[in-house]
$ cat coords18.txt   # compact mmCIF, C-alpha atoms (C1' of nucleotides)
# COMPACT_ATOMS: atom_id res chain seq x y z
CA MET A 1 -61.89 -93.39 -148.97
CA CYS A 2 -64.75 -92.18 -146.86
CA PHE A 3 -67.56 -93.22 -149.17
CA ARG A 4 -69.89 -94.90 -146.76
CA THR A 5 -71.26 -93.43 -143.53
CA LYS A 6 -73.57 -94.69 -140.86
CA ASN A 7 -76.35 -92.88 -139.06
CA SER A 8 -78.01 -95.06 -136.44
CA LYS A 9 -79.57 -92.28 -134.35
CA THR A 10 -83.20 -91.27 -134.44
CA PHE A 11 -84.06 -87.71 -135.42
CA ASN A 12 -84.85 -86.98 -131.75
CA GLN A 13 -81.40 -88.15 -130.69
CA LEU A 14 -79.77 -85.99 -133.34
CA GLU A 15 -81.75 -82.94 -132.24
CA ASP A 16 -80.68 -83.43 -128.61
CA ARG A 17 -77.03 -84.06 -129.38
CA PHE A 18 -76.55 -81.21 -131.87
CA LYS A 19 -78.93 -78.65 -130.31
CA ALA A 20 -80.72 -78.10 -133.59
CA ARG A 21 -84.14 -78.94 -135.03
CA PHE A 22 -85.34 -80.79 -138.07
CA LEU A 23 -87.74 -78.49 -139.93
CA THR A 24 -89.39 -81.55 -141.41
CA PRO A 25 -88.11 -84.83 -139.92
CA GLU A 26 -90.02 -87.22 -142.18
CA TRP A 27 -87.30 -87.35 -144.85
CA TYR A 28 -84.78 -88.84 -142.42
CA THR A 29 -84.45 -92.44 -141.29
CA PRO A 30 -81.36 -94.02 -139.69
CA ASP A 31 -79.38 -95.76 -142.41
CA VAL A 32 -76.04 -96.51 -144.01
CA PHE A 33 -75.33 -94.02 -146.79
CA ASN A 34 -73.35 -94.81 -149.93
CA ALA A 35 -71.78 -91.72 -151.48
CA PHE A 36 -72.20 -93.06 -155.03
CA THR A 37 -75.96 -92.73 -154.77
CA PHE A 38 -75.68 -89.04 -153.73
CA PRO A 39 -77.81 -89.64 -150.62
CA VAL A 40 -79.54 -86.82 -148.75
CA THR A 41 -78.14 -86.92 -145.20
CA PRO A 42 -78.43 -84.70 -142.10
CA VAL A 43 -76.14 -81.66 -141.98
CA ILE A 44 -75.92 -78.39 -140.04
CA THR A 45 -74.68 -75.41 -142.06
CA ASN A 46 -72.89 -72.30 -140.81
CA ASP A 47 -75.67 -69.96 -141.96
CA ARG A 48 -78.46 -71.84 -140.13
CA ASN A 49 -76.80 -73.58 -137.23
CA ASP A 50 -80.04 -74.17 -135.32
CA VAL A 51 -81.49 -76.36 -138.06
CA ILE A 52 -80.73 -79.88 -139.28
CA GLN A 53 -81.17 -79.98 -143.04
CA GLY A 54 -80.93 -82.68 -145.65
CA PHE A 55 -78.11 -82.04 -148.13
CA SER A 56 -76.94 -84.35 -150.88
CA TRP A 57 -73.49 -85.94 -150.71
CA GLY A 58 -71.18 -84.89 -153.58
CA LEU A 59 -70.44 -81.18 -153.75
CA ILE A 60 -71.40 -79.26 -156.90
CA PRO A 61 -69.74 -75.81 -157.13
CA TYR A 62 -72.13 -73.02 -158.08
CA TRP A 63 -70.34 -72.47 -161.42
CA ALA A 64 -70.77 -76.05 -162.67
CA LYS A 65 -72.69 -76.51 -165.94
CA ASP A 66 -73.93 -79.94 -164.94
CA THR A 67 -73.70 -82.41 -162.09
CA ASN A 68 -70.91 -84.58 -163.52
CA ILE A 69 -68.32 -83.29 -161.10
CA ARG A 70 -70.12 -84.85 -158.14
CA LYS A 71 -68.67 -88.29 -158.55
CA SER A 72 -65.29 -86.89 -157.55
CA THR A 73 -66.22 -84.44 -154.83
CA PHE A 74 -67.40 -86.80 -152.09
CA ASN A 75 -64.16 -85.96 -150.30
CA ALA A 76 -61.94 -82.88 -150.26
CA ARG A 77 -58.30 -83.05 -149.24
CA LEU A 78 -57.67 -80.64 -146.39
CA GLU A 79 -54.11 -79.94 -147.55
CA THR A 80 -55.21 -78.53 -150.92
CA LEU A 81 -58.70 -77.14 -150.27
CA ALA A 82 -57.72 -73.51 -150.67
CA GLN A 83 -56.21 -74.09 -154.11
CA LYS A 84 -59.07 -75.99 -155.72
CA PRO A 85 -61.57 -74.17 -157.95
CA SER A 86 -64.24 -76.64 -156.87
CA PHE A 87 -63.85 -75.95 -153.16
CA LYS A 88 -62.64 -72.35 -153.01
CA PRO A 89 -66.14 -70.86 -153.25
CA SER A 90 -67.10 -73.05 -150.28
CA LEU A 91 -64.23 -72.23 -147.92
CA LEU A 92 -66.59 -70.28 -145.67
CA LYS A 93 -69.66 -72.38 -146.44
CA ARG A 94 -69.01 -74.86 -143.69
CA CYS A 95 -71.11 -77.67 -142.39
CA LEU A 96 -71.28 -80.54 -139.94
CA VAL A 97 -72.10 -83.87 -141.50
CA LEU A 98 -73.88 -85.78 -138.75
CA ALA A 99 -72.93 -89.43 -138.30
CA ASP A 100 -71.90 -92.11 -135.83
CA GLY A 101 -69.76 -94.31 -138.02
CA PHE A 102 -68.06 -94.88 -141.34
CA TYR A 103 -66.63 -97.88 -143.18
CA GLU A 104 -63.27 -98.73 -144.66
CA TRP A 105 -61.89 -101.84 -146.35
CA LYS A 106 -58.51 -103.19 -145.38
CA TRP A 107 -56.61 -104.92 -148.15
CA LEU A 108 -55.41 -108.33 -146.95
CA ASP A 109 -53.11 -108.87 -149.94
CA PRO A 110 -51.18 -106.56 -152.30
CA LYS A 111 -53.84 -106.67 -155.04
CA GLY A 112 -56.86 -106.18 -152.86
CA LYS A 113 -58.34 -109.53 -153.92
CA SER A 114 -59.38 -110.13 -150.39
CA LYS A 115 -60.66 -107.32 -148.20
CA GLN A 116 -61.84 -106.95 -144.64
CA LYS A 117 -64.58 -104.47 -143.86
CA TYR A 118 -64.26 -102.30 -140.75
CA LEU A 119 -66.72 -100.02 -139.02
CA LEU A 120 -65.10 -96.97 -137.41
CA THR A 121 -66.89 -95.34 -134.50
CA LEU A 122 -66.30 -93.38 -131.33
CA PRO A 123 -66.62 -95.25 -128.01
CA GLU A 124 -70.27 -96.20 -127.31
CA GLU A 125 -71.09 -95.26 -130.92
CA GLU A 126 -71.39 -91.67 -129.77
CA SER A 127 -72.55 -89.20 -132.44
CA PHE A 128 -69.94 -87.00 -134.09
CA ALA A 129 -69.66 -84.70 -137.08
CA PHE A 130 -67.49 -84.89 -140.14
CA ALA A 131 -66.05 -81.53 -141.13
CA GLY A 132 -67.77 -80.57 -144.37
CA LEU A 133 -68.18 -77.83 -146.95
CA TRP A 134 -71.39 -77.11 -148.83
CA ASN A 135 -72.74 -75.12 -151.75
CA SER A 136 -76.00 -74.48 -153.57
CA TRP A 137 -76.21 -75.21 -157.26
CA THR A 138 -78.96 -74.08 -159.63
CA ASP A 139 -79.83 -76.22 -162.63
CA ARG A 140 -79.78 -73.78 -165.55
CA ASN A 141 -82.46 -75.75 -167.38
CA THR A 142 -85.01 -76.46 -164.69
CA GLY A 143 -84.19 -73.80 -162.10
CA GLU A 144 -84.00 -76.55 -159.49
CA ILE A 145 -81.72 -75.82 -156.55
CA LEU A 146 -79.50 -78.60 -155.24
CA ASN A 147 -77.78 -78.32 -151.86
CA THR A 148 -74.67 -80.48 -151.71
CA TYR A 149 -71.68 -81.17 -149.48
CA THR A 150 -68.23 -82.75 -149.32
CA ILE A 151 -66.42 -84.42 -146.41
CA ILE A 152 -62.91 -83.18 -145.64
CA THR A 153 -60.12 -85.75 -145.42
CA THR A 154 -56.66 -85.69 -143.87
CA ALA A 155 -53.69 -87.99 -143.39
CA ALA A 156 -54.57 -91.25 -141.67
CA ASN A 157 -53.67 -91.63 -138.00
CA GLU A 158 -52.01 -94.76 -136.67
CA LEU A 159 -55.20 -96.80 -136.43
CA MET A 160 -56.47 -95.72 -139.83
CA SER A 161 -53.13 -96.40 -141.52
CA GLU A 162 -53.58 -100.03 -140.48
CA ILE A 163 -57.11 -100.22 -141.79
CA HIS A 164 -57.18 -97.93 -144.78
CA ASN A 165 -53.84 -99.32 -145.79
CA THR A 166 -53.85 -98.36 -149.45
CA LYS A 167 -54.63 -94.67 -149.36
CA LYS A 168 -53.73 -93.72 -145.79
CA ARG A 169 -56.44 -91.10 -145.61
CA MET A 170 -59.30 -90.54 -143.19
CA PRO A 171 -62.17 -88.10 -142.73
CA VAL A 172 -61.89 -85.22 -140.28
CA ILE A 173 -63.92 -86.02 -137.14
CA MET A 174 -65.13 -83.33 -134.75
CA THR A 175 -66.66 -83.21 -131.30
CA PRO A 176 -68.75 -80.35 -129.83
CA LYS A 177 -66.26 -77.53 -129.25
CA ALA A 178 -64.52 -78.02 -132.58
CA GLU A 179 -67.92 -78.11 -134.27
CA LYS A 180 -68.74 -74.56 -133.17
CA ASP A 181 -65.34 -73.21 -134.16
CA TRP A 182 -65.58 -74.80 -137.56
CA LEU A 183 -69.07 -73.47 -138.27
CA SER A 184 -68.19 -69.96 -137.17
CA GLY A 185 -65.29 -69.65 -139.59
CA GLY A 186 -62.45 -70.57 -137.25
CA GLU A 187 -59.69 -73.11 -137.43
CA LEU A 188 -60.39 -76.74 -138.09
CA VAL A 189 -59.66 -78.76 -134.97
CA MET A 190 -59.89 -82.45 -135.59
CA GLN A 191 -60.59 -85.08 -132.96
CA ASN A 192 -59.51 -88.16 -134.83
CA ASP A 193 -57.74 -89.90 -131.96
CA HIS A 194 -60.64 -91.66 -130.26
CA LEU A 195 -61.84 -93.76 -133.15
CA GLU A 196 -62.28 -97.46 -132.71
CA GLY A 197 -62.22 -99.99 -135.52
CA VAL A 198 -64.44 -103.04 -135.43
CA VAL A 199 -64.25 -105.88 -137.93
CA CYS A 200 -67.56 -106.43 -139.68
CA GLU A 201 -69.09 -109.83 -140.47
C1' DC B 1 -53.28 -66.76 -174.30
C1' DC B 2 -56.87 -70.07 -174.53
C1' DA B 3 -59.07 -74.42 -174.21
C1' DG B 4 -60.30 -77.40 -170.99
C1' DA B 5 -60.41 -78.72 -166.39
C1' DC B 6 -62.22 -78.04 -162.09
C1' DG B 7 -61.67 -84.19 -157.98
C1' DT B 8 -60.85 -88.32 -155.32
C1' DT B 9 -59.59 -92.90 -154.82
C1' DG B 10 -64.06 -97.49 -154.69
C1' DT B 11 -67.68 -100.65 -157.09
C1' DT B 12 -69.97 -103.34 -150.15
C1' DG C 1 -65.85 -68.30 -162.04
C1' DT C 2 -60.89 -69.43 -161.85
C1' DC C 3 -56.99 -72.20 -162.58
C1' DT C 4 -53.66 -74.71 -165.46
C1' DG C 5 -51.53 -77.54 -169.01
C1' DG C 6 -49.88 -77.14 -173.32
C1' DC D 1 -45.94 -72.75 -167.54
C1' DC D 2 -42.77 -74.43 -170.97
C1' DA D 3 -41.06 -75.62 -175.47
C1' DG D 4 -39.44 -73.56 -179.18
C1' DA D 5 -38.35 -69.61 -181.64
C1' DC D 6 -35.40 -65.98 -182.12
C1' DG D 7 -35.56 -63.34 -189.53
C1' DT D 8 -36.19 -61.25 -193.96
C1' DT D 9 -38.31 -60.93 -198.29
C1' DG D 10 -34.46 -61.51 -204.69
C1' DT D 11 -33.01 -63.51 -208.94
C1' DT D 12 -27.65 -63.43 -212.05
C1' DG E 1 -31.72 -64.19 -172.55
C1' DT E 2 -36.51 -63.20 -173.73
C1' DC E 3 -40.66 -63.60 -176.22
C1' DT E 4 -44.72 -66.20 -177.68
C1' DG E 5 -47.76 -69.88 -179.26
C1' DG E 6 -50.18 -73.42 -177.61
$ encode --input "coords18.txt" --output "structure tokens"
Amino acid sequence: MCFRTKNSKTFNQLEDRFKARFLTPEWYTPDVFNAFTFPVTPVITNDRNDVIQGFSWGLIPYWAKDTNIRKSTFNARLETLAQKPSFKPSLLKRCLVLADGFYEWKWLDPKGKSKQKYLLTLPEEESFAFAGLWNSWTDRNTGEILNTYTIITTAANELMSEIHNTKKRMPVIMTPKAEKDWLSGGELVMQNDHLEGVVCE
DNA sequence: CCAGACGTTGTT
DNA sequence: GTCTGG
DNA sequence: CCAGACGTTGTT
DNA sequence: GTCTGG
């Protein structure tokens, strides 16, 4: 599903758009992030919404004994969030995952032998936020603290059903008003209707 | 009741 | 820590 | 939660 | 039908 995101904005552009500051901007450079490498990417959390922090993709619940669970917590299904032991402790630990694009692969045949890569963006590659949840995990051996997040997914809309045609899922996209509501503990309002899909090379 | 899971959907 | 499959 | 048990205690 | 072991 949503395993690869794109951040093309500079840290100054992110600060202006999201009305928040990097404490230390040097860790961030615009890039494409692959979930399977657990990249540190820019997020804004509910408890410090004036700051852009670097959290690692792949949520680890605080109770985990090790980090193995991460490989399956890149995404969290919106429909079942409240029932899952891994996400329940994070229901009010909300975050914005800052981005301006993500990638999906359309299967061109029933077996997926041939695939077409698509980049999904808003018009003009405007910045947006994925709806996310976060948690802090302490390594019992080293005492190291790891801040991690997951991206919430929902049923694919019409466009995404065409592109992500095997799983019919898509990440929850938010624009400014919904971002505030989400961070402050309110309802999740998604703005998934303005996405555009562009075929990649 | 307890042991074992706890999660989602690709290998770009 | 809490849920669930057996 | 469900499958499987669900009972007692000699010898002539 | 209800209890209980797994």
$ residues_around --input "coords18.txt" --residues "C:DG6" --least-positions-apart "6" --cutoff "12 Å" --atoms "all atoms listed in the file" --output "VMD selection string"
(chain B and resid 1 to 4) or (chain D and resid 1 to 3) or (chain E and resid 5 to 6)
$ atom_distance --input "coords18.txt" --atom1 "atom CA of A:Ala131" --atom2 "atom CA of A:Trp105"
21.4 Å
$ closest_atom_pairs --input "coords18.txt" --of "chain B" --to "chain A" --cutoff "6 Å" --atoms "only C-alpha atoms (C1' of nucleotides)" --output "tab-separated table"
residue	atom	partner	partner_atom	distance
B:DC6	C1'	A:Pro85	CA	5.7
B:DG7	C1'	A:Ser72	CA	4.5
B:DT8	C1'	A:Ser72	CA	5.2
$ write_last_selection --input "coords18.txt" --atoms "C-alpha atoms (C1' of nucleotides)" --output "mmCIF file, in the coordinates of the input"
data_model
loop_
_atom_site.group_PDB
_atom_site.id
_atom_site.type_symbol
_atom_site.label_atom_id
_atom_site.label_comp_id
_atom_site.auth_asym_id
_atom_site.auth_seq_id
_atom_site.Cartn_x
_atom_site.Cartn_y
_atom_site.Cartn_z
ATOM 1 C "C1'" DC B 6 -62.220 -78.040 -162.090
ATOM 2 C "C1'" DG B 7 -61.670 -84.190 -157.980
ATOM 3 C "C1'" DT B 8 -60.850 -88.320 -155.320
#
$ residues_around --input "coords18.txt" --residues "A:Ile44" --least-positions-apart "3" --cutoff "6 Å" --atoms "all atoms listed in the file" --output "list of chain:residue names"
A:Asn49, A:Ile52, A:Cys95, A:Leu96
$ atom_distance --input "coords18.txt" --atom1 "atom CA of A:Arg140" --atom2 "atom CA of A:Val40"
21.3 Å
$ atom_distance --input "coords18.txt" --atom1 "atom CA of A:Leu119" --atom2 "atom CA of A:His164"
11.3 Å
$ closest_atom_pairs --input "coords18.txt" --of "chain C" --to "chain A" --cutoff "12 Å" --atoms "all atoms listed in the file" --output "tab-separated table"
residue	atom	partner	partner_atom	distance
C:DG1	C1'	A:Trp63	CA	6.2
C:DT2	C1'	A:Pro85	CA	6.2
C:DC3	C1'	A:Pro85	CA	6.8
C:DT4	C1'	A:Pro85	CA	10.9
$ axis_aligned_box --input "coords18.txt" --around "stretch 118-133 of chain A" --padding-each-side "8 Å" --output "JSON"
{"center_x": -68.4, "center_y": -90.1, "center_z": -137.1, "size_x": 24.3, "size_y": 40.5, "size_z": 35.6}
$ residues_around --input "coords18.txt" --residues "A:Met170" --least-positions-apart "6" --cutoff "9 Å" --atoms "all atoms listed in the file" --output "PyMOL selection string"
chain A and resi 1-2+152-157+160-161+164+192
$ residues_near_point --input "coords18.txt" --point "(-80.2, -98.4, -142.0)" --cutoff "8 Å" --atoms "only C-alpha atoms (C1' of nucleotides)" --output "PyMOL selection string"
chain A and resi 6-8+29-32
